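Novice: Dropping in input_9.txt, with compact mmCIF, C-alpha atoms and all ligand atoms.
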# COMPACT_ATOMS: atom_id res chain seq x y z
CA MET A 10 3.99 4.57 2.39
CA ARG A 11 5.44 1.43 4.03
CA THR A 12 8.07 -2.84 5.13
CA PRO A 13 7.07 -4.68 8.15
CA LEU A 14 3.83 -6.40 8.97
CA ALA A 15 0.33 -5.48 9.90
CA VAL A 16 -2.61 -4.45 7.92
CA LEU A 17 -3.45 -1.08 6.42
CA GLY A 18 -4.69 1.77 8.44
CA LEU A 19 -7.26 2.48 5.82
CA ALA A 20 -10.93 2.45 6.55
CA ALA A 21 -11.83 1.77 2.97
CA ALA A 22 -9.58 -1.23 2.84
CA LEU A 23 -11.03 -2.56 6.04
CA ALA A 24 -14.57 -1.88 5.02
CA ALA A 25 -14.02 -3.43 1.63
CA ALA A 26 -12.45 -6.46 3.30
CA SER A 27 -9.30 -5.93 1.33
CA PRO A 28 -6.56 -5.48 3.91
CA LEU A 29 -3.15 -6.27 2.62
CA ALA A 30 -0.93 -9.20 3.27
CA ALA A 31 1.11 -9.32 6.39
CA GLN A 32 4.60 -8.21 5.48
CA ASP A 33 3.22 -5.02 4.06
CA THR A 34 2.68 -1.59 5.40
CA PRO A 35 1.15 1.48 3.79
CA SER A 36 2.99 4.45 2.34
CA LEU A 37 0.24 7.00 1.81
CA ARG A 38 -1.23 5.73 5.01
CA PRO A 39 0.26 5.69 8.49
CA ASP A 40 2.80 3.02 9.27
CA PRO A 41 1.22 0.74 11.84
CA GLN A 42 4.65 -0.57 12.78
CA ARG A 43 5.93 2.79 13.89
CA THR A 44 5.16 2.86 17.52
CA GLU A 45 5.35 6.12 19.35
CA PRO A 46 5.38 6.84 23.03
CA GLN A 47 2.04 7.30 24.66
CA ARG A 48 1.69 10.99 25.23
CA MET A 49 -1.11 10.65 27.71
CA SER A 50 -2.95 7.89 29.47
CA ALA A 51 -5.63 6.04 27.57
CA GLN A 52 -8.07 7.28 30.17
CA ALA A 53 -7.41 10.89 29.29
CA GLY A 54 -10.68 12.74 29.18
CA ARG A 55 -11.98 15.65 27.21
CA GLY A 56 -10.37 18.17 29.52
CA ASP A 57 -6.97 16.73 28.74
CA PHE A 58 -7.76 16.78 25.04
CA GLN A 59 -8.58 20.47 25.21
CA ALA A 60 -5.34 21.14 27.08
CA TRP A 61 -3.45 19.15 24.46
CA LEU A 62 -5.22 21.04 21.67
CA ASP A 63 -4.09 24.36 23.13
CA GLY A 64 -0.51 23.13 23.02
CA PHE A 65 -0.94 21.79 19.51
CA ARG A 66 -2.18 25.18 18.31
CA ALA A 67 1.25 26.62 19.13
CA GLU A 68 2.92 23.89 17.08
CA ALA A 69 0.57 24.48 14.14
CA ALA A 70 1.01 28.25 14.38
CA ALA A 71 4.78 27.79 14.20
CA ALA A 72 4.17 25.75 11.03
CA GLY A 73 2.28 28.69 9.53
CA VAL A 74 -1.35 27.89 10.30
CA ARG A 75 -3.47 30.97 11.07
CA ALA A 76 -5.37 31.24 14.34
CA ASP A 77 -8.72 31.93 12.63
CA VAL A 78 -8.38 28.74 10.58
CA MET A 79 -7.83 26.76 13.78
CA ASP A 80 -10.66 28.55 15.60
CA ASP A 81 -13.04 27.40 12.90
CA ALA A 82 -11.59 23.92 12.40
CA PHE A 83 -11.44 23.06 16.09
CA ALA A 84 -14.80 24.52 17.19
CA GLY A 85 -16.52 21.91 19.36
CA LEU A 86 -13.91 19.28 18.55
CA SER A 87 -13.66 16.11 20.63
CA VAL A 88 -11.86 12.79 20.22
CA ASN A 89 -13.48 9.93 18.31
CA ALA A 90 -13.11 6.73 20.37
CA ARG A 91 -13.78 4.58 17.31
CA VAL A 92 -10.54 5.85 15.76
CA TYR A 93 -8.62 4.47 18.74
CA GLU A 94 -10.30 1.08 18.38
CA LEU A 95 -9.29 0.89 14.73
CA ASN A 96 -5.79 2.22 15.41
CA ASP A 97 -5.18 -0.37 18.12
CA ASN A 98 -6.33 -3.24 15.95
CA GLN A 99 -3.15 -5.14 15.17
CA PRO A 100 -4.28 -8.46 13.77
CA GLU A 101 -2.51 -11.58 14.96
CA PHE A 102 -3.40 -13.34 11.73
CA SER A 103 -2.47 -12.14 8.30
CA ARG A 104 -4.28 -12.83 5.12
CA ALA A 105 -2.84 -14.93 2.33
CA ILE A 106 -2.09 -12.98 -0.82
CA TRP A 107 -4.38 -15.23 -2.86
CA ASP A 108 -7.30 -14.50 -0.56
CA TYR A 109 -6.55 -10.79 -0.81
CA LEU A 110 -6.33 -10.92 -4.61
CA ASP A 111 -9.57 -12.92 -4.87
CA GLY A 112 -11.36 -10.00 -3.23
CA ALA A 113 -9.31 -7.15 -4.65
CA VAL A 114 -9.53 -8.33 -8.26
CA SER A 115 -12.99 -9.88 -8.19
CA ALA A 116 -15.09 -10.39 -11.32
CA ARG A 117 -17.35 -7.59 -10.11
CA ARG A 118 -14.47 -5.16 -9.67
CA ILE A 119 -13.13 -6.02 -13.12
CA ALA A 120 -16.54 -5.47 -14.72
CA ASP A 121 -16.95 -2.17 -12.87
CA GLY A 122 -13.45 -1.16 -13.98
CA ARG A 123 -14.33 -1.77 -17.61
CA ALA A 124 -17.46 0.33 -17.23
CA LYS A 125 -15.53 3.16 -15.55
CA LEU A 126 -12.87 3.13 -18.25
CA ALA A 127 -15.59 3.52 -20.89
CA GLU A 128 -17.55 6.13 -18.91
CA HIS A 129 -14.51 8.38 -18.38
CA ARG A 130 -12.65 7.59 -21.63
CA ASP A 131 -12.30 11.19 -22.90
CA LEU A 132 -11.22 12.61 -19.55
CA LEU A 133 -8.78 9.75 -18.96
CA SER A 134 -7.24 10.26 -22.41
CA LEU A 135 -6.54 13.90 -21.58
CA ILE A 136 -4.96 12.93 -18.26
CA GLU A 137 -2.92 10.17 -19.91
CA GLN A 138 -1.45 12.67 -22.34
CA ALA A 139 -0.80 15.29 -19.70
CA TYR A 140 0.84 13.05 -17.09
CA GLY A 141 1.99 9.94 -18.93
CA VAL A 142 0.10 7.60 -16.65
CA ASP A 143 -2.02 4.87 -18.21
CA ALA A 144 -5.79 5.21 -17.80
CA GLU A 145 -6.26 1.61 -16.70
CA ILE A 146 -3.74 2.04 -13.89
CA LEU A 147 -5.60 5.12 -12.62
CA VAL A 148 -8.89 3.26 -12.75
CA ALA A 149 -7.38 0.22 -11.02
CA ILE A 150 -6.06 2.34 -8.14
CA TRP A 151 -9.46 4.00 -7.88
CA GLY A 152 -11.07 0.55 -7.73
CA LEU A 153 -8.66 -0.73 -5.10
CA GLU A 154 -8.77 2.36 -2.90
CA THR A 155 -12.50 3.02 -2.70
CA SER A 156 -14.28 0.58 -5.04
CA TYR A 157 -14.54 3.41 -7.59
CA GLY A 158 -15.73 5.96 -5.06
CA ALA A 159 -18.28 3.75 -3.33
CA ILE A 160 -16.36 3.59 -0.03
CA MET A 161 -14.47 6.85 0.49
CA GLY A 162 -14.99 7.01 4.24
CA ASP A 163 -17.07 9.62 6.03
CA TYR A 164 -14.88 10.30 9.03
CA ASP A 165 -14.26 13.97 9.70
CA ALA A 166 -10.54 14.13 8.86
CA ILE A 167 -9.81 16.95 11.30
CA GLN A 168 -11.37 15.00 14.15
CA ALA A 169 -9.78 11.67 13.13
CA LEU A 170 -6.33 13.20 12.80
CA ALA A 171 -6.63 15.19 16.02
CA THR A 172 -7.62 11.95 17.75
CA LEU A 173 -4.54 10.17 16.38
CA ALA A 174 -2.34 13.17 17.20
CA PHE A 175 -3.60 13.35 20.78
CA GLU A 176 -2.52 9.89 21.94
CA GLY A 177 -1.71 6.36 20.79
CA ARG A 178 0.91 4.91 18.52
CA ARG A 179 0.59 7.34 15.61
CA THR A 180 0.85 10.71 17.32
CA GLY A 181 3.65 11.94 15.02
CA TYR A 182 1.68 10.98 11.94
CA GLY A 183 -1.46 12.55 13.38
CA ARG A 184 0.25 15.86 14.16
CA SER A 185 1.89 16.28 10.77
CA GLN A 186 -1.27 15.28 8.90
CA LEU A 187 -3.47 17.50 11.04
CA ILE A 188 -1.24 20.46 10.20
CA GLY A 189 -1.50 19.40 6.54
CA ALA A 190 -5.28 19.30 6.74
CA LEU A 191 -5.37 22.79 8.27
CA LYS A 192 -3.19 24.10 5.45
CA ILE A 193 -5.57 22.62 2.87
CA ILE A 194 -8.33 24.75 4.40
CA GLN A 195 -6.12 27.82 4.81
CA ASN A 196 -5.01 27.64 1.17
CA GLY A 197 -8.63 27.48 0.02
CA TYR A 198 -8.21 24.16 -1.76
CA ALA A 199 -11.18 22.70 0.06
CA ASP A 200 -13.60 23.68 2.82
CA ARG A 201 -13.32 22.33 6.32
CA ASP A 202 -16.46 20.23 5.90
CA ASP A 203 -15.12 18.71 2.67
CA LEU A 204 -12.34 16.96 4.54
CA LYS A 205 -13.94 13.53 4.85
CA GLY A 206 -12.12 10.25 4.62
CA SER A 207 -10.92 7.12 6.33
CA TRP A 208 -10.42 6.94 10.09
CA ALA A 209 -6.70 7.47 9.40
CA GLY A 210 -7.25 10.62 7.35
CA ALA A 211 -6.97 9.25 3.80
CA MET A 212 -9.41 11.27 1.72
CA GLY A 213 -11.39 11.21 -1.48
CA HIS A 214 -11.74 8.83 -4.41
CA THR A 215 -8.10 7.69 -4.32
CA GLN A 216 -7.43 8.25 -0.61
CA PHE A 217 -4.84 10.98 -0.34
CA ILE A 218 -3.52 11.85 3.11
CA PRO A 219 -3.20 15.63 3.70
CA THR A 220 0.56 15.95 3.07
CA THR A 221 0.25 13.98 -0.17
CA TYR A 222 -2.71 16.14 -1.12
CA LEU A 223 -0.73 19.33 -0.49
CA ALA A 224 2.21 18.11 -2.56
CA TYR A 225 0.42 16.43 -5.46
CA ALA A 226 -3.31 17.21 -5.69
CA VAL A 227 -4.21 19.08 -8.87
CA ASP A 228 -7.02 21.47 -9.86
CA HIS A 229 -7.71 19.94 -13.26
CA ASN A 230 -10.93 21.77 -14.07
CA GLY A 231 -9.54 25.18 -13.09
CA ASP A 232 -12.18 26.17 -10.54
CA GLY A 233 -9.56 26.98 -7.90
CA ARG A 234 -10.33 23.87 -5.85
CA ARG A 235 -8.53 20.54 -5.69
CA ASP A 236 -11.66 18.52 -5.32
CA ILE A 237 -10.65 14.87 -4.84
CA TRP A 238 -14.09 14.12 -3.40
CA ARG A 239 -16.38 15.21 -6.24
CA ASN A 240 -14.56 16.19 -9.41
CA MET A 241 -13.26 13.25 -11.42
CA GLY A 242 -10.87 15.44 -13.40
CA ASP A 243 -9.24 16.58 -10.18
CA VAL A 244 -9.26 12.99 -8.90
CA PHE A 245 -7.59 11.45 -11.96
CA ALA A 246 -5.14 14.32 -12.46
CA SER A 247 -4.11 14.28 -8.80
CA THR A 248 -3.58 10.53 -8.82
CA ALA A 249 -1.68 10.66 -12.11
CA ASN A 250 0.44 13.54 -10.86
CA TYR A 251 1.41 11.59 -7.77
CA LEU A 252 2.20 8.41 -9.76
CA SER A 253 4.25 10.40 -12.27
CA ALA A 254 6.23 12.00 -9.44
CA SER A 255 6.76 8.49 -8.08
CA GLY A 256 8.41 7.49 -11.36
CA TYR A 257 5.53 5.99 -13.33
CA ARG A 258 6.07 6.13 -17.11
CA GLY A 259 3.23 5.65 -19.57
CA ASN A 260 3.33 2.84 -22.11
CA GLU A 261 5.95 0.98 -20.11
CA ALA A 262 5.02 -2.40 -18.63
CA TRP A 263 4.53 -2.95 -14.90
CA GLY A 264 6.01 -6.41 -15.29
CA ALA A 265 5.05 -9.92 -16.29
CA GLU A 266 4.44 -13.32 -14.81
CA VAL A 267 7.39 -15.56 -15.55
CA SER A 268 8.46 -19.18 -15.22
CA LEU A 269 11.79 -20.14 -13.69
CA PRO A 270 14.11 -22.94 -14.83
CA GLU A 271 14.93 -26.00 -12.75
CA GLY A 272 17.51 -25.34 -10.04
CA PHE A 273 16.94 -21.58 -10.07
CA ASP A 274 18.67 -19.63 -7.30
CA TYR A 275 15.76 -18.16 -5.33
CA ALA A 276 18.10 -15.78 -3.56
CA LEU A 277 17.83 -13.70 -6.73
CA ALA A 278 14.25 -12.91 -5.76
CA ASP A 279 15.41 -10.04 -3.62
CA ARG A 280 14.35 -6.41 -3.59
CA ASN A 281 17.99 -5.35 -4.03
CA VAL A 282 18.61 -7.48 -7.13
CA ARG A 283 17.74 -5.64 -10.36
CA LYS A 284 18.97 -7.00 -13.67
CA PRO A 285 18.37 -6.23 -17.33
CA VAL A 286 15.76 -8.40 -19.04
CA VAL A 287 18.50 -9.88 -21.21
CA GLU A 288 20.25 -11.29 -18.13
CA TRP A 289 17.10 -12.84 -16.73
CA ALA A 290 16.42 -14.38 -20.14
CA ALA A 291 19.97 -15.77 -20.27
CA MET A 292 19.30 -17.51 -16.95
CA GLY A 293 16.30 -19.28 -18.50
CA VAL A 294 13.55 -17.02 -17.15
CA LYS A 295 10.61 -16.99 -19.59
CA GLN A 296 7.19 -15.40 -19.75
CA ALA A 297 4.68 -17.64 -18.02
CA ARG A 298 2.90 -18.26 -21.28
CA GLY A 299 6.11 -19.66 -22.69
CA ALA A 300 7.28 -16.82 -24.89
CA SER A 301 10.76 -15.35 -24.72
CA LEU A 302 11.16 -12.15 -22.73
CA ILE A 303 13.34 -10.72 -25.46
CA GLY A 304 11.20 -8.97 -28.01
CA ALA A 305 8.32 -8.57 -25.57
CA TYR A 306 10.30 -6.15 -23.37
CA ASP A 307 13.23 -3.79 -23.70
CA PRO A 308 16.22 -6.14 -23.27
CA ASN A 309 18.01 -3.43 -21.28
CA GLY A 310 15.03 -2.67 -19.08
CA ARG A 311 15.90 -3.50 -15.50
CA ALA A 312 13.59 -5.75 -13.56
CA ARG A 313 13.52 -7.50 -10.23
CA LEU A 314 12.02 -10.87 -9.48
CA ILE A 315 9.26 -11.33 -6.92
CA LEU A 316 7.87 -14.58 -5.50
CA PRO A 317 4.95 -13.36 -3.39
CA ALA A 318 4.16 -16.88 -2.10
CA GLY A 319 7.61 -18.43 -2.35
CA SER A 320 8.82 -21.05 -4.79
CA GLN A 321 5.46 -22.86 -4.80
CA GLY A 322 3.55 -19.86 -6.16
CA PRO A 323 3.74 -17.63 -9.25
CA ALA A 324 6.84 -15.58 -10.08
CA PHE A 325 6.89 -12.10 -11.60
CA LEU A 326 9.51 -9.85 -13.13
CA VAL A 327 8.62 -6.27 -12.23
CA PHE A 328 9.85 -3.01 -13.75
CA ASP A 329 10.07 0.56 -12.46
CA ASN A 330 6.33 1.16 -12.91
CA PHE A 331 5.64 -1.51 -10.31
CA GLY A 332 7.92 0.44 -7.97
CA ALA A 333 5.89 3.59 -8.65
CA ILE A 334 2.69 1.77 -7.66
CA LEU A 335 4.45 0.57 -4.50
CA LYS A 336 5.07 4.20 -3.57
CA TYR A 337 1.30 4.64 -3.53
CA ASN A 338 1.01 1.76 -1.11
CA ARG A 339 4.07 -0.21 -0.06
CA SER A 340 2.56 -3.65 -0.37
CA THR A 341 3.44 -6.22 -3.00
CA ALA A 342 -0.07 -7.62 -2.76
CA TYR A 343 -1.56 -4.17 -3.41
CA ALA A 344 0.71 -3.38 -6.35
CA LEU A 345 0.05 -6.77 -7.90
CA ALA A 346 -3.69 -6.23 -7.48
CA VAL A 347 -3.45 -2.85 -9.23
CA ALA A 348 -1.43 -4.40 -12.08
CA LEU A 349 -3.76 -7.37 -12.56
CA LEU A 350 -6.93 -5.29 -12.23
CA SER A 351 -5.60 -2.75 -14.75
CA GLU A 352 -4.93 -5.52 -17.29
CA ALA A 353 -8.24 -7.25 -16.72
CA ALA A 354 -10.24 -4.00 -16.92
CA ALA A 355 -8.44 -3.10 -20.15
CA GLY A 356 -9.12 -6.58 -21.52
CA SER A 357 -5.47 -7.49 -21.90
CA GLY A 358 -4.75 -10.31 -19.53
CA GLY A 359 -4.88 -10.08 -15.77
CA ALA A 360 -5.00 -13.82 -15.16
CA ILE A 361 -2.15 -15.62 -13.41
CA VAL A 362 -0.99 -18.87 -15.02
CA ALA A 363 0.67 -20.56 -12.05
CA GLY A 364 -1.47 -21.59 -9.11
CA TRP A 365 -1.14 -20.22 -5.61
CA PRO A 366 -0.20 -22.66 -2.84
CA ARG A 367 -3.70 -22.53 -1.38
CA ASP A 368 -3.03 -25.52 0.90
CA ASP A 369 -0.28 -23.49 2.62
CA ARG A 370 -0.90 -20.37 4.69
CA PRO A 371 1.03 -17.34 5.97
CA LEU A 372 2.24 -17.44 9.54
CA SER A 373 0.60 -15.56 12.36
CA LEU A 374 2.59 -13.06 14.37
CA SER A 375 3.30 -15.57 17.15
CA GLU A 376 4.26 -18.24 14.59
CA ARG A 377 6.70 -15.85 12.94
CA LYS A 378 8.34 -15.34 16.32
CA GLN A 379 8.36 -19.12 16.79
CA LEU A 380 10.13 -19.53 13.46
CA GLN A 381 12.73 -16.89 14.35
CA ALA A 382 13.36 -18.53 17.72
CA ALA A 383 13.73 -21.94 16.05
CA LEU A 384 16.21 -20.58 13.51
CA THR A 385 18.21 -18.99 16.31
CA ALA A 386 18.18 -22.24 18.30
CA ARG A 387 19.50 -24.09 15.24
CA GLY A 388 22.44 -21.71 14.85
CA TYR A 389 21.05 -19.43 12.14
CA ASP A 390 20.75 -15.69 12.73
CA PRO A 391 17.38 -14.21 11.81
CA GLY A 392 18.00 -11.07 13.88
CA PRO A 393 15.67 -10.13 16.74
CA VAL A 394 12.71 -12.39 17.53
CA ASP A 395 10.14 -9.74 16.73
CA GLY A 396 7.79 -11.45 14.28
CA ILE A 397 8.93 -9.17 11.45
CA VAL A 398 10.14 -11.21 8.50
CA GLY A 399 12.77 -8.94 6.99
CA ALA A 400 15.95 -9.54 5.03
CA GLY A 401 17.72 -11.10 8.03
CA THR A 402 14.98 -13.66 8.70
CA ARG A 403 14.71 -14.53 5.01
CA ALA A 404 18.48 -15.03 4.69
CA ALA A 405 18.57 -17.23 7.80
CA LEU A 406 15.61 -19.26 6.55
CA ARG A 407 17.22 -19.69 3.12
CA ALA A 408 20.41 -20.95 4.75
CA TRP A 409 18.42 -23.46 6.85
CA GLN A 410 16.43 -24.57 3.77
CA GLN A 411 19.61 -25.00 1.76
CA ASP A 412 21.25 -27.07 4.50
CA ASN A 413 18.16 -29.27 4.60
CA GLY A 414 17.80 -29.86 0.87
CA LEU A 415 14.68 -27.69 0.46
CA PRO A 416 14.00 -24.97 -2.13
CA ALA A 417 15.82 -22.02 -0.57
CA ASP A 418 13.19 -19.32 -1.14
CA GLY A 419 13.21 -17.84 2.36
CA TYR A 420 9.41 -17.83 2.34
CA ALA A 421 7.98 -18.14 5.83
CA SER A 422 4.81 -20.20 5.80
CA ALA A 423 3.05 -23.00 7.65
CA ALA A 424 4.84 -25.51 5.40
CA VAL A 425 8.21 -24.28 6.70
CA LEU A 426 7.12 -24.67 10.31
CA ARG A 427 6.06 -28.25 9.54
CA ALA A 428 9.35 -28.92 7.80
CA MET A 429 11.14 -27.76 10.93
CA GLY A 430 9.06 -30.14 13.00
CA LEU A 431 7.34 -27.32 14.89
CA CA A 501 -10.94 21.70 -9.39
For this file, write the structure as structure tokens.

Specialist:
Amino acid sequence: MRTPLAVLGLAAALAAASPLAAQDTPSLRPDPQRTEPQRMSAQAGRGDFQAWLDGFRAEAAAAGVRADVMDDAFAGLSVNARVYELNDNQPEFSRAIWDYLDGAVSARRIADGRAKLAEHRDLLSLIEQAYGVDAEILVAIWGLETSYGAIMGDYDAIQALATLAFEGRRTGYGRSQLIGALKIIQNGYADRDDLKGSWAGAMGHTQFIPTTYLAYAVDHNGDGRRDIWRNMGDVFASTANYLSASGYRGNEAWGAEVSLPEGFDYALADRNVRKPVVEWAAMGVKQARGASLIGAYDPNGRARLILPAGSQGPAFLVFDNFGAILKYNRSTAYALAVALLSEAAAGSGGAIVAGWPRDDRPLSLSERKQLQAALTARGYDPGPVDGIVGAGTRAALRAWQQDNGLPADGYASAAVLRAMGL
């Protein structure tokens, strides 16, 4: 789920010290950028919460939730102040993608991934055949989301979602997910006390939010339950089902690291530019290990180019499967981590050839605003000075870089601020 900045609203990610890079927002998880009006004062007490809950019951009833389900789910319910603390945490500083990847694709996580692939080989083969999603991708997502089930979160999802729904900047998300959670119980897919997860309501081994669960969770073992907390068949099948619905196709590549020729036009590294492999090859784009792209990949397969750390870092051509992983979590850093972990766990690569620009660093929120203000002052138009580096800011930065004889990659970093004399 998710383009602008800020870190994931995912307890597991926070606990595992693997929050995503700045320009990214979640897609299965709430969008931290989406601010919503405060429904009540932050000082609202329990009495107000109960009054709010009475009103919410009418909304949930209109959505088809039975009164007895709510009576049971809401018995003794109160807000969880810790959820507000986590929800309000908007970090000023963002993490560099290389720091994120160091943690997300650590030697330990790779070794554990190999062991999990071996342990669940038969089950994963069945799921692969049924859904057309590669086993190593499923295991990599499992590893990224909860460290293979080690950190699933033990927040009571009903309480966490009711807390978010009651007040703060994710009330819309909280309301819709709370209704989703109630429907899970009403449909008998899981018991009320099963609904444990992150503080933002992402549940189970691969962290499904309730609406995703309702739409895509699968009862693989046929016991009538969709048990994403305890049954690995249900976990893998649900995750594969969601990836398949997102467009993932088995035995197709996620992408490849590439090298770019001298004088390459970095404006082609744009989410809206998709070209067949044969066209990239004709421009002089090669696999990072030197081999031609033609022969290694379908020449007609369409790919886009990403430069996660600008022209000074590695480049990747990515295919539709990368886009399917992005639907799980709309962060380039996350999708790259899944891809690299899947390769490393399967013993088929996973190492990046080009180095990251570790002497550079991403800009903080206030520095991003500073950059936008400086571009505006110099006659370039980055759009509003809001600290969100979107297409407008990148285009303005590229134009400034071009006019100043610098590689026009539109990558906002500390090096750019220095180059501007800021
Ligand atoms: Ca089941």

Novice: Find the residues around segment 228-234 of chain A up to 7 Å (only C-alpha atoms counted), leave out those fewer than 4 positions away in its own chain, and share them as a PyMOL selection string.

Specialist: chain A and resi 198-199+242-243+246

Novice: Rank nothing, just name the residue among A:Gly359, A:Gly293, A:Gly112, A:Pro391 nearest to Gly264 of chain A, using all atoms listed in the file.

Specialist: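 The closest residue to Gly264 of chain A is A:Gly359.
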
Novice: Give as a ChimeraX atom specification the set of residues within 10 Å of the point (-13.9, -4.4, -12.3), where distances use the file's coordinates and only C-alpha atoms.

Specialist: /A:113-126,148-149,152-153,156-157,350-351,353-355

Novice: From the list A:Gly183, A:Gly322, A:Gly358, A:Gly158, which residue is nearest Phe65 of chain A when using all atoms listed in the file?

Specialist: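 For Phe65 of chain A, the nearest of the candidates is A:Gly183.
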
Novice: Atom CA of Ala174 of chain A and atom CA of Leu204 of chain A, how far apart in Å?

Specialist: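 That distance, rounded to one decimal, is 16.6 Å.
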
Novice: Measuring between all atoms listed in the file, which one of A:Gly189, A:Gly141, A:Gly206, A:Gly256 shows the shortest distance to Tyr164 of chain A?

Specialist: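 The answer is A:Gly206, which sits nearest to Tyr164 of chain A.
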
Novice: For Ser247 of chain A, which residue among A:Gln216, A:Asn330, A:Gln321, A:Ser340 is the nearest when counting all atoms listed in the file?

Specialist: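 Among the listed residues, the smallest separation from Ser247 of chain A belongs to A:Gln216.
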
Novice: Measure the distance from atom CA of Asp418 of chain A to atom CA of Ala404 of chain A in Å and round it to one decimal.

Specialist: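 Calculated distance between atom CA of Asp418 of chain A and atom CA of Ala404 of chain A is 9.0 Å.
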
Novice: Which is closer to Leu110 of chain A than all the others in A:Pro317, A:Gly213, A:Gly85, A:Pro393, using only C-alpha atoms?

Specialist: A:Pro317

Novice: What would the list of residues within 10 Å of (6.9, -3.7, -16.5) (file frame) look like as an mmCIF file with C-alpha atoms, in the frame of the given file, if all atoms listed in the file are what count?

Specialist:
data_model
loop_
_atom_site.group_PDB
_atom_site.id
_atom_site.type_symbol
_atom_site.label_atom_id
_atom_site.label_comp_id
_atom_site.auth_asym_id
_atom_site.auth_seq_id
_atom_site.Cartn_x
_atom_site.Cartn_y
_atom_site.Cartn_z
ATOM 1 C CA ARG A 258 6.070 6.130 -17.110
ATOM 2 C CA ASN A 260 3.330 2.840 -22.110
ATOM 3 C CA GLU A 261 5.950 0.980 -20.110
ATOM 4 C CA ALA A 262 5.020 -2.400 -18.630
ATOM 5 C CA TRP A 263 4.530 -2.950 -14.900
ATOM 6 C CA GLY A 264 6.010 -6.410 -15.290
ATOM 7 C CA ALA A 265 5.050 -9.920 -16.290
ATOM 8 C CA TYR A 306 10.300 -6.150 -23.370
ATOM 9 C CA ASP A 307 13.230 -3.790 -23.700
ATOM 10 C CA GLY A 310 15.030 -2.670 -19.080
ATOM 11 C CA ARG A 311 15.900 -3.500 -15.500
ATOM 12 C CA ALA A 312 13.590 -5.750 -13.560
ATOM 13 C CA ARG A 313 13.520 -7.500 -10.230
ATOM 14 C CA PHE A 325 6.890 -12.100 -11.600
ATOM 15 C CA LEU A 326 9.510 -9.850 -13.130
ATOM 16 C CA VAL A 327 8.620 -6.270 -12.230
ATOM 17 C CA PHE A 328 9.850 -3.010 -13.750
ATOM 18 C CA ASP A 329 10.070 0.560 -12.460
ATOM 19 C CA ASN A 330 6.330 1.160 -12.910
ATOM 20 C CA PHE A 331 5.640 -1.510 -10.310
ATOM 21 C CA GLY A 332 7.920 0.440 -7.970
ATOM 22 C CA ALA A 348 -1.430 -4.400 -12.080
#

Novice: Looking at all atoms listed in the file, which of A:Ile218, A:Ala159, A:Ile237, A:Leu191 is the one that sits closest to ligand CA 501 (chain A)?

Specialist: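 Nearest to ligand CA 501 (chain A): A:Ile237.
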
Novice: So what do you get for atom CA of Ala276 of chain A versus atom CA of Glu101 of chain A, distance-wise?

Specialist: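 Separation of atom CA of Ala276 of chain A and atom CA of Glu101 of chain A: 28.0 Å.
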
Novice: Can you tell me which residues surround segment 70-76 of chain A at a distance of at most 9 Å, considering all atoms listed in the file, apart from same-chain residues fewer than 3 positions away, and format the answer as an MDAnalysis selection string?

Specialist: chainID A and resid 65:67 79:81 188 191:192 195

Novice: Would you export the selected residues with C-alpha atoms as a PDB file, in the frame of the given file, please?

Specialist:
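Ended up saving to result.pdb:
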ATOM      1  CA  PHE A  65      -0.940  21.790  19.510  1.00  0.00           C
ATOM      2  CA  ARG A  66      -2.180  25.180  18.310  1.00  0.00           C
ATOM      3  CA  ALA A  67       1.250  26.620  19.130  1.00  0.00           C
ATOM      4  CA  MET A  79      -7.830  26.760  13.780  1.00  0.00           C
ATOM      5  CA  ASP A  80     -10.660  28.550  15.600  1.00  0.00           C
ATOM      6  CA  ASP A  81     -13.040  27.400  12.900  1.00  0.00           C
ATOM      7  CA  ILE A 188      -1.240  20.460  10.200  1.00  0.00           C
ATOM      8  CA  LEU A 191      -5.370  22.790   8.270  1.00  0.00           C
ATOM      9  CA  LYS A 192      -3.190  24.100   5.450  1.00  0.00           C
ATOM     10  CA  GLN A 195      -6.120  27.820   4.810  1.00  0.00           C
TER      11      GLN A 195
END
